[in-house]
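Everything below belongs to structure_8.csv, which stores CSV, C-alpha atoms.
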chain,number,residue,atom,x,y,z
A,270,MET,CA,63.2,-96.0,-41.3
A,271,GLN,CA,66.3,-93.7,-41.8
A,272,ILE,CA,64.2,-90.6,-41.5
A,273,ARG,CA,62.5,-91.9,-38.4
A,274,ASN,CA,65.9,-92.7,-36.8
A,275,TYR,CA,67.1,-89.2,-37.6
A,276,TRP,CA,64.1,-87.6,-36.2
A,277,ARG,CA,64.6,-89.6,-32.9
A,278,LEU,CA,68.1,-88.3,-32.7
A,279,PHE,CA,67.0,-84.8,-33.4
A,280,VAL,CA,64.4,-85.0,-30.5
A,281,LEU,CA,67.1,-86.5,-28.3
A,282,PHE,CA,69.4,-83.6,-29.0
A,283,SER,CA,66.7,-81.1,-28.3
A,284,LEU,CA,65.8,-82.6,-25.0
A,285,VAL,CA,69.3,-83.1,-23.8
A,286,ALA,CA,70.3,-79.6,-24.8
A,287,TYR,CA,67.4,-78.2,-23.0
A,288,ALA,CA,68.0,-80.2,-19.8
A,289,SER,CA,71.8,-79.7,-19.8
A,290,ALA,CA,72.0,-76.0,-20.5
A,291,GLY,CA,68.7,-74.5,-19.3
A,292,TYR,CA,67.9,-73.0,-22.6
A,293,SER,CA,64.4,-71.9,-23.4
A,294,GLN,CA,64.8,-73.0,-26.9
A,295,SER,CA,66.5,-75.8,-28.9
A,296,PHE,CA,68.2,-75.5,-32.2
A,297,ASN,CA,67.5,-77.1,-35.5
A,298,LEU,CA,70.4,-79.2,-36.8
A,299,ASN,CA,69.4,-78.4,-40.4
A,300,ASP,CA,69.6,-74.6,-39.9
A,301,PRO,CA,72.6,-73.3,-41.9
A,302,THR,CA,72.7,-70.1,-39.8
A,303,ILE,CA,73.6,-72.1,-36.6
A,304,ILE,CA,77.1,-73.5,-36.3
A,305,TYR,CA,78.0,-75.9,-33.4
A,306,LYS,CA,81.6,-75.9,-32.2
A,307,ASP,CA,83.6,-77.5,-29.4
A,308,GLU,CA,85.8,-75.5,-27.0
A,309,GLN,CA,88.7,-75.6,-29.4
A,310,GLY,CA,86.6,-74.0,-32.1
A,311,ARG,CA,86.2,-77.1,-34.2
A,312,VAL,CA,82.9,-77.5,-36.0
A,313,PHE,CA,80.8,-80.5,-35.1
A,314,SER,CA,79.4,-82.7,-37.8
A,315,LYS,CA,75.9,-83.9,-37.2
A,316,ASP,CA,77.0,-87.4,-36.2
A,317,SER,CA,79.7,-86.1,-33.8
A,318,LEU,CA,77.3,-83.5,-32.3
A,319,ILE,CA,74.7,-86.1,-31.6
A,320,ALA,CA,77.3,-88.4,-30.1
A,321,PHE,CA,78.6,-85.6,-27.9
A,322,VAL,CA,75.2,-84.4,-26.5
A,323,SER,CA,73.9,-88.0,-26.0
A,324,LEU,CA,76.4,-88.3,-23.1
A,325,GLY,CA,74.9,-85.3,-21.3
A,326,GLY,CA,76.8,-83.2,-18.7
A,327,PHE,CA,77.7,-80.4,-21.0
A,328,SER,CA,77.1,-76.6,-21.2
A,329,MET,CA,76.2,-74.4,-24.1
A,330,GLN,CA,77.2,-70.8,-24.9
A,331,LYS,CA,75.4,-69.0,-27.7
A,332,ASN,CA,77.2,-66.2,-29.6
A,333,GLU,CA,75.9,-64.1,-32.5
A,334,THR,CA,78.5,-63.4,-35.2
A,335,ALA,CA,78.9,-60.3,-37.3
A,336,ASP,CA,77.4,-61.9,-40.3
A,337,GLY,CA,74.2,-62.7,-38.5
A,338,LYS,CA,74.9,-66.4,-37.8
A,339,VAL,CA,74.8,-68.1,-34.4
A,340,GLU,CA,77.7,-70.0,-32.9
A,341,VAL,CA,76.8,-72.5,-30.2
A,342,ILE,CA,79.9,-73.6,-28.2
A,343,LEU,CA,79.5,-76.9,-26.4
A,344,SER,CA,81.8,-77.9,-23.6
A,345,ARG,CA,82.1,-80.6,-21.0
A,346,PRO,CA,84.2,-80.0,-17.8
A,347,SER,CA,87.0,-82.4,-17.0
A,348,ILE,CA,86.8,-84.6,-13.9
A,349,SER,CA,89.0,-82.2,-11.9
A,350,GLU,CA,86.8,-79.2,-13.0
A,351,ARG,CA,83.6,-81.1,-12.0
A,352,GLU,CA,85.1,-81.9,-8.6
A,353,ARG,CA,86.1,-78.3,-8.1
A,354,GLU,CA,82.7,-77.1,-9.1
A,355,ALA,CA,81.1,-79.5,-6.8
A,356,ASN,CA,83.3,-78.4,-3.9
A,357,GLU,CA,82.5,-74.7,-4.7
A,358,SER,CA,78.8,-75.5,-4.8
A,359,GLN,CA,78.9,-77.3,-1.5
A,360,GLN,CA,80.8,-74.5,0.1
A,361,ILE,CA,78.6,-71.7,-1.0
A,362,ASN,CA,75.3,-73.6,-0.6
A,363,ARG,CA,76.1,-74.2,3.1
A,364,TRP,CA,75.0,-70.6,3.6
A,365,LYS,CA,71.4,-71.3,2.6
A,366,GLY,CA,69.1,-70.8,5.6
A,367,SER,CA,71.8,-68.8,7.4
A,368,ALA,CA,72.0,-65.1,8.2
A,369,PHE,CA,74.0,-63.1,5.7
A,370,PRO,CA,77.4,-62.3,7.4
A,371,VAL,CA,78.2,-59.0,9.1
A,372,PHE,CA,79.9,-56.4,6.8
A,373,ASN,CA,80.5,-52.7,6.7
A,374,LEU,CA,81.4,-51.4,3.3
A,375,ILE,CA,81.0,-48.3,1.1
A,376,THR,CA,79.2,-48.1,-2.2
A,377,ILE,CA,81.0,-46.5,-5.2
A,378,ASP,CA,78.7,-43.5,-4.5
A,379,GLY,CA,80.3,-43.1,-1.0
A,380,VAL,CA,77.3,-44.4,1.0
A,381,SER,CA,77.9,-46.7,3.9
A,382,LEU,CA,76.2,-50.1,3.6
A,383,THR,CA,75.9,-52.9,6.2
A,384,GLN,CA,74.0,-56.1,6.5
A,385,ARG,CA,71.4,-54.2,8.5
A,386,ASP,CA,70.6,-52.0,5.5
A,387,LEU,CA,69.4,-55.2,3.6
A,388,LEU,CA,66.6,-55.9,6.2
A,389,GLY,CA,62.9,-55.3,5.5
A,390,LYS,CA,63.1,-56.1,1.7
A,391,ILE,CA,64.0,-59.0,-0.5
A,392,THR,CA,67.5,-58.5,-1.6
A,393,VAL,CA,69.1,-59.8,-4.8
A,394,LEU,CA,72.9,-59.9,-4.7
A,395,ASN,CA,75.3,-60.3,-7.6
A,396,PHE,CA,79.0,-61.1,-7.0
A,397,TRP,CA,81.0,-60.2,-10.1
A,398,PHE,CA,84.2,-58.5,-11.4
A,399,THR,CA,84.9,-56.2,-14.4
A,400,GLY,CA,86.9,-58.8,-16.4
A,401,CYS,CA,84.2,-61.5,-16.1
A,402,GLN,CA,82.7,-62.0,-19.5
A,403,PRO,CA,79.8,-64.2,-18.3
A,404,CYS,CA,79.0,-61.5,-15.7
A,405,ILE,CA,78.9,-58.9,-18.4
A,406,ARG,CA,76.8,-60.9,-20.8
A,407,GLU,CA,74.0,-61.4,-18.2
A,408,MET,CA,73.8,-57.7,-17.1
A,409,PRO,CA,71.0,-56.8,-19.5
A,410,GLU,CA,68.9,-59.5,-18.0
A,411,LEU,CA,69.7,-58.4,-14.5
A,412,ASN,CA,68.7,-54.8,-15.4
A,413,LYS,CA,65.3,-56.1,-16.5
A,414,LEU,CA,64.8,-57.5,-13.0
A,415,THR,CA,65.6,-54.2,-11.4
A,416,ALA,CA,63.0,-52.5,-13.7
A,417,LYS,CA,60.3,-55.1,-13.0
A,418,TYR,CA,60.9,-55.2,-9.2
A,419,PRO,CA,61.9,-51.7,-8.1
A,420,GLN,CA,60.6,-52.5,-4.5
A,421,LEU,CA,63.6,-54.9,-4.0
A,422,ASN,CA,67.2,-54.3,-3.1
A,423,PHE,CA,69.7,-55.1,-5.9
A,424,VAL,CA,73.3,-54.9,-4.8
A,425,GLY,CA,76.5,-55.9,-6.7
A,426,PHE,CA,79.7,-56.8,-4.8
A,427,THR,CA,83.1,-56.9,-6.5
A,428,PHE,CA,86.7,-57.2,-5.3
A,429,ASN,CA,87.7,-54.6,-7.9
A,430,ASP,CA,88.5,-51.1,-6.6
A,431,SER,CA,86.0,-48.2,-6.9
A,432,ASP,CA,87.9,-46.4,-9.7
A,433,ARG,CA,87.9,-49.5,-11.9
A,434,VAL,CA,84.2,-50.1,-11.3
A,435,LYS,CA,83.3,-46.5,-12.1
A,436,LYS,CA,85.3,-46.7,-15.4
A,437,PHE,CA,83.5,-50.0,-16.2
A,438,LEU,CA,80.1,-48.6,-15.5
A,439,SER,CA,80.8,-45.6,-17.8
A,440,GLN,CA,80.8,-48.1,-20.6
A,441,HIS,CA,78.3,-50.7,-19.4
A,442,THR,CA,74.9,-50.3,-17.8
A,443,PHE,CA,74.4,-52.3,-14.6
A,444,ASN,CA,71.6,-51.0,-12.5
A,445,TYR,CA,72.5,-52.6,-9.2
A,446,ARG,CA,73.8,-50.5,-6.3
A,447,GLN,CA,77.5,-51.2,-6.5
A,448,VAL,CA,80.0,-52.0,-3.7
A,449,ALA,CA,83.7,-52.2,-4.6
A,450,ASN,CA,86.6,-53.5,-2.6
A,451,ALA,CA,84.5,-56.4,-1.3
A,452,GLY,CA,87.1,-59.1,-1.5
A,453,GLN,CA,87.0,-59.9,2.1
A,454,LEU,CA,83.3,-60.5,2.0
A,455,CYS,CA,83.6,-62.7,-1.1
A,456,LYS,CA,86.3,-64.7,0.7
A,457,ALA,CA,84.2,-65.0,3.9
A,458,LEU,CA,81.3,-66.4,1.8
A,459,GLY,CA,83.6,-68.8,-0.1
A,460,ILE,CA,82.8,-67.3,-3.4
A,461,GLU,CA,85.2,-68.4,-6.2
A,462,ALA,CA,82.8,-68.8,-9.1
A,463,TYR,CA,81.7,-65.7,-10.9
A,464,PRO,CA,79.0,-64.6,-11.3
A,465,THR,CA,77.3,-65.8,-8.1
A,466,HIS,CA,73.8,-64.7,-7.2
A,467,MET,CA,72.2,-64.7,-3.7
A,468,ILE,CA,68.6,-63.9,-2.7
A,469,ILE,CA,68.2,-62.7,0.8
A,470,ASP,CA,64.8,-62.5,2.6
A,471,GLU,CA,63.4,-59.6,4.6
A,472,LYS,CA,65.0,-60.9,7.8
A,473,GLY,CA,68.5,-61.1,6.3
A,474,ILE,CA,68.4,-64.9,5.8
A,475,ILE,CA,70.0,-66.4,2.6
A,476,HIS,CA,67.0,-67.8,0.8
A,477,ASP,CA,68.8,-69.3,-2.3
A,478,VAL,CA,72.1,-69.2,-4.2
A,479,VAL,CA,72.6,-69.4,-8.0
A,480,LEU,CA,76.2,-70.2,-9.2
A,481,GLY,CA,77.4,-69.2,-12.6
A,482,ALA,CA,75.9,-67.4,-15.6
A,483,SER,CA,73.0,-68.5,-17.7
A,484,ASP,CA,71.1,-67.3,-20.7
A,485,ASP,CA,68.0,-67.9,-18.7
A,486,ILE,CA,69.2,-66.0,-15.5
A,487,TYR,CA,66.2,-63.6,-15.6
A,488,HIS,CA,63.7,-66.4,-15.2
A,489,GLN,CA,65.9,-68.4,-12.8
A,490,LEU,CA,66.1,-65.4,-10.4
A,491,GLU,CA,62.5,-64.3,-11.0
A,492,SER,CA,61.3,-67.7,-9.9
A,493,ILE,CA,63.3,-67.5,-6.7
A,494,ILE,CA,62.1,-63.9,-6.1
A,495,ILE,CA,58.5,-64.9,-6.5
A,496,LYS,CA,58.9,-67.7,-4.0
A,497,ALA,CA,60.6,-65.4,-1.5
A,498,LEU,CA,57.9,-62.8,-1.9
A,499,ASN,CA,55.3,-65.4,-1.2

Take the structure I supplied and represent it as structure tokens, if you would.
Amino acid sequence: MQIRNYWRLFVLFSLVAYASAGYSQSFNLNDPTIIYKDEQGRVFSKDSLIAFVSLGGFSMQKNETADGKVEVILSRPSISEREREANESQQINRWKGSAFPVFNLITIDGVSLTQRDLLGKITVLNFWFTGCQPCIREMPELNKLTAKYPQLNFVGFTFNDSDRVKKFLSQHTFNYRQVANAGQLCKALGIEAYPTHMIIDEKGIIHDVVLGASDDIYHQLESIIIKALN
């Protein structure tokens, strides 16, 4: 009976973890190479971990350590943080179905870019900044999208200045066309959460918005891209 109850709890953990964090895999509680911690870095016991995840509403961040182990950080936002996230989501999602706003900016390569230049192709936008660690972590996945869908527009907007972006890109690969000094555009769109992704259709209409980073961002965006293409 004890083994059966433990197995039920393990299945519960796997399902809740998958549903709450969007992970494509779940983790074995008996694997010594995986360490589960809270936001303060305290290691969960099996019982405390099961109690935590059974309440739902949490996020997971996976980090690989130098000794080959995996740290999984589980966190749950406070009530005020959840309210703020809900307000941000409501504000940014109001743009769905609307035309992307008028802008006239310069890429870091010195080329003029306006909203008219986005017409005729599906466009994937990424709003980020150089000090945003979640933005940086997902860049390899975004680069995979640019390689698979070269027929699309991929544009990154940041409020950082051009020199700072160029210095950053000398150390990190990010294969989107980059537009610096885009703070006013970010403000006009109400973007406060980074990264934020937008998918624009061929007519310049905002098809969908994805807030925040995810280990599964490649598949999230690809699913939206496929729908937009069809």

(request) For atom CA of A:Leu411 and atom CA of A:Thr383, determine how far apart the two atoms are, in Å to one decimal place. (result) 22.3 Å

(request) Find the residues near A:Pro301: any atom within 12 Å, counting all atoms listed in the file, skip ones fewer than 5 places away on the same chain, and give them as a ChimeraX atom specification. (result) /A:296,337-340

Go ahead and dump the residues you just picked, C-alpha atoms, as a PDB file, in the frame of the given file.
ATOM      1  CA  PHE A 296      68.200 -75.500 -32.200  1.00  0.00           C
ATOM      2  CA  GLY A 337      74.200 -62.700 -38.500  1.00  0.00           C
ATOM      3  CA  LYS A 338      74.900 -66.400 -37.800  1.00  0.00           C
ATOM      4  CA  VAL A 339      74.800 -68.100 -34.400  1.00  0.00           C
ATOM      5  CA  GLU A 340      77.700 -70.000 -32.900  1.00  0.00           C
TER       6      GLU A 340
END

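With atom CA of A:Ser367 on one side and atom CA of A:Ser431 on the other, the separation reads 28.8 Å.
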
(request) Please indicate the distance in Å from atom CA of A:Lys496 to atom CA of A:Lys472, rounded to one decimal place. (result) 14.9 Å

(request) Would you mind telling me which residue in A:Ile391, A:Val424, A:Leu374, A:Ile486 lies nearest to A:Ala451 when using all atoms listed in the file? (result) A:Leu374

(request) Write out as a list in words each polymer residue whose atoms come within 8 Å of stretch 456-464 of chain A, counting all atoms listed in the file; drop sequence neighbours fewer than 3 positions from it. (result) Glu357, Gln360, Ile361, Trp364, Pro370, Asn395, Phe396, Trp397, Phe398, Cys401, Pro403, Cys404, Gly452, Gln453, Leu480, Gly481 and Ala482 of chain A

(request) Give me the residues within 10 Å of A:Leu318 as a ChimeraX atom specification, counting only C-alpha atoms and dropping any in the same chain fewer than 3 places off. (result) /A:282,298,305-307,312-315,321-323,343

(request) Compare A:Ile475, A:Leu414, A:Arg433, A:Leu454 by their minimum atom-to-atom distance to A:Phe369, counting all atoms listed in the file, and give me the closest one. (result) A:Ile475

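Considering the residues A:Arg311, A:Lys390, A:Lys435, A:Arg345 and counting only C-alpha atoms, A:Gln420 has its shortest atom-to-atom contact with A:Lys390.
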
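Each of A:Ala449, A:Leu388, A:Val434, A:Met408 was checked against A:Ile469 using only C-alpha atoms; the smallest atom-to-atom distance is that of A:Leu388.
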
(request) Tell me which of A:Ile342, A:Leu382, A:Ala416, A:Ile474 sits closest to A:Lys365, counting all atoms listed in the file. (result) A:Ile474

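Considering the residues A:Ser344, A:Thr392, A:Ser483, A:Gln330 and counting only C-alpha atoms, A:Gly425 has its shortest atom-to-atom contact with A:Thr392.
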
(message) Would you pick out the contacts of A:Val380 at 12 Å or less, using only C-alpha atoms, so that residues sharing its chain but fewer than 6 positions from it are not included, and give the list as number ranges by chain?
(response) A: 373-374, 386, 446-449

With C-alpha atoms kept, could you save the residues just selected as a PDB file, in the frame of the given file?
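The resulting file, again.pdb, is shown below:
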ATOM      1  CA  ASN A 373      80.500 -52.700   6.700  1.00  0.00           C
ATOM      2  CA  LEU A 374      81.400 -51.400   3.300  1.00  0.00           C
ATOM      3  CA  ASP A 386      70.600 -52.000   5.500  1.00  0.00           C
ATOM      4  CA  ARG A 446      73.800 -50.500  -6.300  1.00  0.00           C
ATOM      5  CA  GLN A 447      77.500 -51.200  -6.500  1.00  0.00           C
ATOM      6  CA  VAL A 448      80.000 -52.000  -3.700  1.00  0.00           C
ATOM      7  CA  ALA A 449      83.700 -52.200  -4.600  1.00  0.00           C
TER       8      ALA A 449
END

Can you pull stretch 372-387 of chain A out of that block with C-alpha atoms and hand it back as a tab-separated table (two decimals), in the first residue's frame?
chain	number	residue	atom	x	y	z
A	372	PHE	CA	7.08	53.12	-35.82
A	373	ASN	CA	10.16	54.40	-37.61
A	374	LEU	CA	13.42	53.10	-36.18
A	375	ILE	CA	16.94	52.17	-37.27
A	376	THR	CA	18.46	48.69	-36.99
A	377	ILE	CA	21.90	48.35	-35.40
A	378	ASP	CA	23.20	47.94	-38.98
A	379	GLY	CA	21.95	51.44	-39.81
A	380	VAL	CA	18.96	50.37	-41.93
A	381	SER	CA	15.61	52.15	-41.58
A	382	LEU	CA	12.75	49.91	-40.41
A	383	THR	CA	9.05	50.80	-40.21
A	384	GLN	CA	5.87	48.81	-39.67
A	385	ARG	CA	5.40	48.77	-43.45
A	386	ASP	CA	8.57	46.70	-43.81
A	387	LEU	CA	6.89	43.90	-41.86
